[in-house]
>>> print(open('work.txt').read())   # compact mmCIF, C-alpha atoms
# COMPACT_ATOMS: atom_id res chain seq x y z
CA MET T 1 0.00 0.00 0.00
CA ARG T 2 1.32 3.45 -0.89
CA THR T 3 1.42 6.38 1.51
CA SER T 4 -0.86 8.26 -0.90
CA ASP T 5 -3.56 5.59 -0.31
CA PHE T 6 -4.09 6.78 3.26
CA VAL T 7 -6.56 9.57 4.00
CA GLU T 8 -6.10 11.70 7.12
CA LYS T 9 -9.37 11.64 9.10
CA ARG T 10 -8.34 13.74 12.09
CA ARG T 11 -10.27 16.97 12.58
CA SER T 12 -7.63 18.60 14.76
CA GLN T 13 -3.90 18.41 15.41
CA ARG T 14 -2.72 15.84 17.94
CA LEU T 15 0.02 16.49 20.44
CA ASP T 16 2.40 13.78 21.62
CA LEU T 17 1.59 13.94 25.32
CA SER T 18 1.81 11.11 27.82
CA LEU T 19 -1.07 11.81 30.21
CA PRO T 20 -2.83 9.64 32.80
CA ALA T 21 -6.25 8.41 31.67
CA ASN T 22 -9.01 6.65 33.60
CA ILE T 23 -11.51 4.63 31.58
CA ARG T 24 -14.75 2.97 32.63
CA HIS T 25 -15.96 0.26 30.27
CA ALA T 26 -19.01 -2.00 30.37
CA SER T 27 -19.20 -4.90 27.94
CA GLY T 28 -22.54 -6.59 27.43
CA SER T 29 -24.26 -7.35 30.73
CA GLU T 30 -21.07 -7.02 32.81
CA ASN T 31 -20.58 -4.31 35.39
CA GLU T 32 -18.38 -1.37 34.49
CA LYS T 33 -14.68 -2.06 34.79
CA ALA T 34 -12.24 0.66 35.77
CA LEU T 35 -9.12 0.73 33.60
CA LYS T 36 -6.06 2.93 33.64
CA GLY T 37 -4.05 3.92 30.62
CA THR T 38 -1.73 6.56 29.28
CA THR T 39 -2.25 8.75 26.26
CA ILE T 40 0.23 8.41 23.42
CA ASP T 41 -1.25 11.45 21.71
CA VAL T 42 -4.27 13.64 22.38
CA SER T 43 -6.23 16.36 20.61
CA PHE T 44 -9.32 18.44 21.14
CA ASN T 45 -11.42 15.67 19.53
CA GLY T 46 -9.77 12.37 20.44
CA ALA T 47 -6.83 10.42 21.81
CA TYR T 48 -4.79 7.28 21.38
CA LEU T 49 -4.32 5.35 24.62
CA GLY T 50 -1.60 2.84 25.29
CA ASP T 51 -0.55 0.86 28.34
CA ILE T 52 -4.14 -0.32 28.81
CA ASN T 53 -5.70 -3.76 29.24
CA ILE T 54 -7.82 -3.90 26.07
CA ILE T 55 -9.49 -7.24 26.80
CA ASN T 56 -13.19 -7.03 25.81
CA ILE T 57 -12.85 -3.52 24.35
CA LYS T 58 -14.10 -3.46 20.78
CA GLN T 59 -14.41 -0.89 18.03
CA GLU T 60 -17.65 1.12 18.39
CA ASP T 61 -17.79 0.58 22.19
CA VAL T 62 -18.59 3.68 24.23
CA VAL T 63 -16.38 4.31 27.26
CA LYS T 64 -16.33 6.92 29.98
CA ILE T 65 -12.98 8.66 30.03
CA SER T 66 -11.14 11.15 32.20
CA ILE T 67 -7.79 12.60 31.14
CA SER T 68 -5.84 14.95 33.39
CA VAL T 69 -3.26 17.36 32.03
CA PRO T 70 -0.54 18.15 34.60
CA ARG T 71 -0.01 21.86 35.22
CA ASP T 72 3.41 21.82 33.53
CA ASP T 73 1.87 20.50 30.28
CA ALA T 74 -1.21 22.76 30.38
CA ARG T 75 0.69 25.54 28.60
CA ASP T 76 0.99 23.23 25.55
CA PHE T 77 -2.66 22.19 25.64
CA PRO T 78 -5.75 24.38 25.92
CA PHE T 79 -7.37 22.52 28.83
CA SER T 80 -6.40 20.81 32.05
CA ARG T 81 -8.97 17.99 32.15
CA LEU T 82 -11.28 16.06 29.83
CA ALA T 83 -14.17 14.01 31.18
CA GLY T 84 -17.11 12.30 29.51
CA LYS T 85 -17.94 9.70 26.91
CA ALA T 86 -15.83 8.60 23.97
CA LYS T 87 -16.34 6.10 21.16
CA VAL T 88 -13.64 3.53 20.45
CA VAL T 89 -12.73 3.98 16.78
CA ARG T 90 -9.78 1.59 16.60
CA VAL T 91 -8.34 -1.27 18.66
CA ASP T 92 -4.87 -2.64 17.91
CA ASP T 93 -1.99 -4.33 19.71
CA GLY T 94 -0.66 -0.99 20.95
CA GLY T 95 -3.87 0.36 22.47
CA ILE T 96 -7.12 2.07 21.51
CA ALA T 97 -8.06 5.21 19.61
CA VAL T 98 -11.09 7.12 20.90
CA ASP T 99 -13.19 9.92 19.48
CA PHE T 100 -14.61 12.20 22.18
CA ASP T 101 -18.37 12.67 22.37
CA GLU T 102 -19.54 16.18 21.49
CA ASP T 103 -20.70 16.60 25.11
CA ILE T 104 -17.32 15.85 26.68
CA SER T 105 -16.41 18.34 29.41
CA ARG T 106 -13.24 20.32 28.90
CA LEU T 107 -11.93 22.23 31.88
CA PHE T 108 -10.01 25.14 30.37
CA VAL T 109 -6.87 26.67 31.77
CA ALA T 110 -7.20 30.26 32.96
CA ASN T 111 -4.52 32.60 31.64
>>> encode(input="work.txt", output="structure tokens")
Amino acid sequence: MRTSDFVEKRRSQRLDLSLPANIRHASGSENEKALKGTTIDVSFNGAYLGDINIINIKQEDVVKISISVPRDDARDFPFSRLAGKAKVVRVDDGGIAVDFDEDISRLFVAN
């Protein structure tokens, strides 16, 4: 496959930031499971999470997510915390890619 065959689908620029992420996931009739991961990159509209136990997480699943941006990194990113729902858009050996729900809360950094 040629590089020209790939189409960029991202709506906003992603930053390579390693941030702590908490995920709550319910699969089928099971109770929600709390998972911890780390972002590999993050943007205003989504993130790629690694270092996460992806057992039973499938593409199209909806998860609850909370990502905290440490104060030192907040100058590089327009908000200090994300919390809400996200849809899993890709699952691979390295982790999961999520697309944030339009109602996700973004706590902005005051200048």
>>> atom_distance(input="work.txt", atom1="atom CA of Arg106 of chain T", atom2="atom CA of Asp92 of chain T")
26.8 Å
>>> atom_distance(input="work.txt", atom1="atom CA of Gly95 of chain T", atom2="atom CA of Phe108 of chain T")
26.7 Å
>>> residues_around(input="work.txt", residues="Ile55 of chain T", least_positions_apart="3", cutoff="12 Å", atoms="all atoms listed in the file", output="count of residues only")
13
>>> atom_distance(input="work.txt", atom1="atom CA of Lys64 of chain T", atom2="atom CA of Arg14 of chain T")
20.2 Å
>>> closest_residue(input="work.txt", among="T:Thr39, T:Leu19, T:Leu107, T:Arg24", to="Val69 of chain T", atoms="all atoms listed in the file")
T:Leu19
>>> closest_residue(input="work.txt", among="T:Asp99, T:Ile104, T:Gly94, T:Val63", to="Thr38 of chain T", atoms="all atoms listed in the file")
T:Gly94
>>> closest_atom_pairs(input="work.txt", of="segment 40-72 of chain T", to="segment 80-85 of chain T", cutoff="10 Å", atoms="all atoms listed in the file", output="tab-separated table")
residue	atom	partner	partner_atom	distance
T:Phe44	CA	T:Leu82	CA	9.2
T:Val62	CA	T:Lys85	CA	6.6
T:Val63	CA	T:Lys85	CA	5.6
T:Lys64	CA	T:Lys85	CA	4.4
T:Ile65	CA	T:Gly84	CA	5.5
T:Ser66	CA	T:Ala83	CA	4.3
T:Ile67	CA	T:Leu82	CA	5.1
T:Ser68	CA	T:Arg81	CA	4.5
T:Val69	CA	T:Ser80	CA	4.7
T:Pro70	CA	T:Ser80	CA	6.9
T:Arg71	CA	T:Ser80	CA	7.2
T:Asp72	CA	T:Ser80	CA	10.0
>>> write_last_selection(input="work.txt", atoms="C-alpha atoms", output="tab-separated table (two decimals), in the coordinates of the input")
chain	number	residue	atom	x	y	z
T	44	PHE	CA	-9.32	18.44	21.14
T	62	VAL	CA	-18.59	3.68	24.23
T	63	VAL	CA	-16.38	4.31	27.26
T	64	LYS	CA	-16.33	6.92	29.98
T	65	ILE	CA	-12.98	8.66	30.03
T	66	SER	CA	-11.14	11.15	32.20
T	67	ILE	CA	-7.79	12.60	31.14
T	68	SER	CA	-5.84	14.95	33.39
T	69	VAL	CA	-3.26	17.36	32.03
T	70	PRO	CA	-0.54	18.15	34.60
T	71	ARG	CA	-0.01	21.86	35.22
T	72	ASP	CA	3.41	21.82	33.53
>>> closest_residue(input="work.txt", among="T:Asn45, T:Glu60, T:Val88, T:Asn53", to="Ser105 of chain T", atoms="all atoms listed in the file")
T:Asn45
>>> closest_residue(input="work.txt", among="T:Leu49, T:Lys36, T:Phe100, T:Asp61", to="Ile23 of chain T", atoms="all atoms listed in the file")
T:Lys36
>>> closest_residue(input="work.txt", among="T:Val98, T:Val89, T:Ile57, T:Phe79", to="Asp41 of chain T", atoms="all atoms listed in the file")
T:Val98
>>> closest_residue(input="work.txt", among="T:Leu15, T:Ala21, T:Ala97, T:Ala34", to="Tyr48 of chain T", atoms="only C-alpha atoms")
T:Ala97
>>> build_atoms(input="work.txt", residues="segment 84-111 of chain T", atoms="N, CA and C atoms", output="PDB file, in the coordinates of the input")
ATOM      1  N   GLY T  84     -15.840  12.588  30.179  1.00  0.00           N
ATOM      2  CA  GLY T  84     -17.110  12.300  29.510  1.00  0.00           C
ATOM      3  C   GLY T  84     -17.034  11.008  28.732  1.00  0.00           C
ATOM      4  N   LYS T  85     -17.868  10.916  27.716  1.00  0.00           N
ATOM      5  CA  LYS T  85     -17.940   9.700  26.910  1.00  0.00           C
ATOM      6  C   LYS T  85     -17.104   9.826  25.646  1.00  0.00           C
ATOM      7  N   ALA T  86     -16.602   8.674  25.203  1.00  0.00           N
ATOM      8  CA  ALA T  86     -15.830   8.600  23.970  1.00  0.00           C
ATOM      9  C   ALA T  86     -16.160   7.291  23.271  1.00  0.00           C
ATOM     10  N   LYS T  87     -16.101   7.309  21.943  1.00  0.00           N
ATOM     11  CA  LYS T  87     -16.340   6.100  21.160  1.00  0.00           C
ATOM     12  C   LYS T  87     -14.999   5.523  20.729  1.00  0.00           C
ATOM     13  N   VAL T  88     -14.851   4.217  20.881  1.00  0.00           N
ATOM     14  CA  VAL T  88     -13.640   3.530  20.450  1.00  0.00           C
ATOM     15  C   VAL T  88     -13.703   3.407  18.929  1.00  0.00           C
ATOM     16  N   VAL T  89     -12.740   4.006  18.245  1.00  0.00           N
ATOM     17  CA  VAL T  89     -12.730   3.980  16.780  1.00  0.00           C
ATOM     18  C   VAL T  89     -11.706   3.006  16.211  1.00  0.00           C
ATOM     19  N   ARG T  90     -10.760   2.566  17.058  1.00  0.00           N
ATOM     20  CA  ARG T  90      -9.780   1.590  16.600  1.00  0.00           C
ATOM     21  C   ARG T  90      -9.202   0.860  17.801  1.00  0.00           C
ATOM     22  N   VAL T  91      -9.010  -0.451  17.641  1.00  0.00           N
ATOM     23  CA  VAL T  91      -8.340  -1.270  18.660  1.00  0.00           C
ATOM     24  C   VAL T  91      -7.216  -2.003  17.952  1.00  0.00           C
ATOM     25  N   ASP T  92      -6.000  -1.898  18.482  1.00  0.00           N
ATOM     26  CA  ASP T  92      -4.870  -2.640  17.910  1.00  0.00           C
ATOM     27  C   ASP T  92      -3.977  -3.122  19.034  1.00  0.00           C
ATOM     28  N   ASP T  93      -2.885  -3.753  18.692  1.00  0.00           N
ATOM     29  CA  ASP T  93      -1.990  -4.330  19.710  1.00  0.00           C
ATOM     30  C   ASP T  93      -1.402  -3.275  20.632  1.00  0.00           C
ATOM     31  N   GLY T  94      -1.270  -2.045  20.155  1.00  0.00           N
ATOM     32  CA  GLY T  94      -0.660  -0.990  20.950  1.00  0.00           C
ATOM     33  C   GLY T  94      -1.604  -0.270  21.881  1.00  0.00           C
ATOM     34  N   GLY T  95      -2.910  -0.361  21.632  1.00  0.00           N
ATOM     35  CA  GLY T  95      -3.870   0.360  22.470  1.00  0.00           C
ATOM     36  C   GLY T  95      -5.171   0.606  21.744  1.00  0.00           C
ATOM     37  N   ILE T  96      -5.830   1.712  22.109  1.00  0.00           N
ATOM     38  CA  ILE T  96      -7.120   2.070  21.510  1.00  0.00           C
ATOM     39  C   ILE T  96      -7.120   3.544  21.109  1.00  0.00           C
ATOM     40  N   ALA T  97      -7.832   3.828  20.031  1.00  0.00           N
ATOM     41  CA  ALA T  97      -8.060   5.210  19.610  1.00  0.00           C
ATOM     42  C   ALA T  97      -9.505   5.541  19.935  1.00  0.00           C
ATOM     43  N   VAL T  98      -9.729   6.700  20.535  1.00  0.00           N
ATOM     44  CA  VAL T  98     -11.090   7.120  20.900  1.00  0.00           C
ATOM     45  C   VAL T  98     -11.396   8.477  20.292  1.00  0.00           C
ATOM     46  N   ASP T  99     -12.664   8.656  19.994  1.00  0.00           N
ATOM     47  CA  ASP T  99     -13.190   9.920  19.480  1.00  0.00           C
ATOM     48  C   ASP T  99     -14.110  10.459  20.570  1.00  0.00           C
ATOM     49  N   PHE T 100     -13.819  11.649  21.084  1.00  0.00           N
ATOM     50  CA  PHE T 100     -14.610  12.200  22.180  1.00  0.00           C
ATOM     51  C   PHE T 100     -16.019  12.551  21.720  1.00  0.00           C
ATOM     52  N   ASP T 101     -16.980  12.295  22.594  1.00  0.00           N
ATOM     53  CA  ASP T 101     -18.370  12.670  22.370  1.00  0.00           C
ATOM     54  C   ASP T 101     -18.453  14.194  22.326  1.00  0.00           C
ATOM     55  N   GLU T 102     -19.410  14.709  21.594  1.00  0.00           N
ATOM     56  CA  GLU T 102     -19.540  16.180  21.490  1.00  0.00           C
ATOM     57  C   GLU T 102     -19.858  16.823  22.832  1.00  0.00           C
ATOM     58  N   ASP T 103     -20.360  16.058  23.792  1.00  0.00           N
ATOM     59  CA  ASP T 103     -20.700  16.600  25.110  1.00  0.00           C
ATOM     60  C   ASP T 103     -19.593  16.426  26.144  1.00  0.00           C
ATOM     61  N   ILE T 104     -18.399  16.041  25.707  1.00  0.00           N
ATOM     62  CA  ILE T 104     -17.320  15.850  26.680  1.00  0.00           C
ATOM     63  C   ILE T 104     -16.999  17.188  27.356  1.00  0.00           C
ATOM     64  N   SER T 105     -16.739  17.129  28.660  1.00  0.00           N
ATOM     65  CA  SER T 105     -16.410  18.340  29.410  1.00  0.00           C
ATOM     66  C   SER T 105     -14.931  18.634  29.281  1.00  0.00           C
ATOM     67  N   ARG T 106     -14.628  19.874  28.994  1.00  0.00           N
ATOM     68  CA  ARG T 106     -13.240  20.320  28.900  1.00  0.00           C
ATOM     69  C   ARG T 106     -13.057  21.453  29.905  1.00  0.00           C
ATOM     70  N   LEU T 107     -12.220  21.206  30.902  1.00  0.00           N
ATOM     71  CA  LEU T 107     -11.930  22.230  31.880  1.00  0.00           C
ATOM     72  C   LEU T 107     -10.760  23.042  31.336  1.00  0.00           C
ATOM     73  N   PHE T 108     -11.019  24.289  31.013  1.00  0.00           N
ATOM     74  CA  PHE T 108     -10.010  25.140  30.370  1.00  0.00           C
ATOM     75  C   PHE T 108      -9.089  25.773  31.396  1.00  0.00           C
ATOM     76  N   VAL T 109      -7.894  26.037  30.942  1.00  0.00           N
ATOM     77  CA  VAL T 109      -6.870  26.670  31.770  1.00  0.00           C
ATOM     78  C   VAL T 109      -7.083  28.173  31.729  1.00  0.00           C
ATOM     79  N   ALA T 110      -7.088  28.800  32.896  1.00  0.00           N
ATOM     80  CA  ALA T 110      -7.200  30.260  32.960  1.00  0.00           C
ATOM     81  C   ALA T 110      -5.835  30.874  32.724  1.00  0.00           C
ATOM     82  N   ASN T 111      -5.808  31.910  31.918  1.00  0.00           N
ATOM     83  CA  ASN T 111      -4.520  32.600  31.640  1.00  0.00           C
ATOM     84  C   ASN T 111      -4.211  33.597  32.711  1.00  0.00           C
TER      85      ASN T 111
END
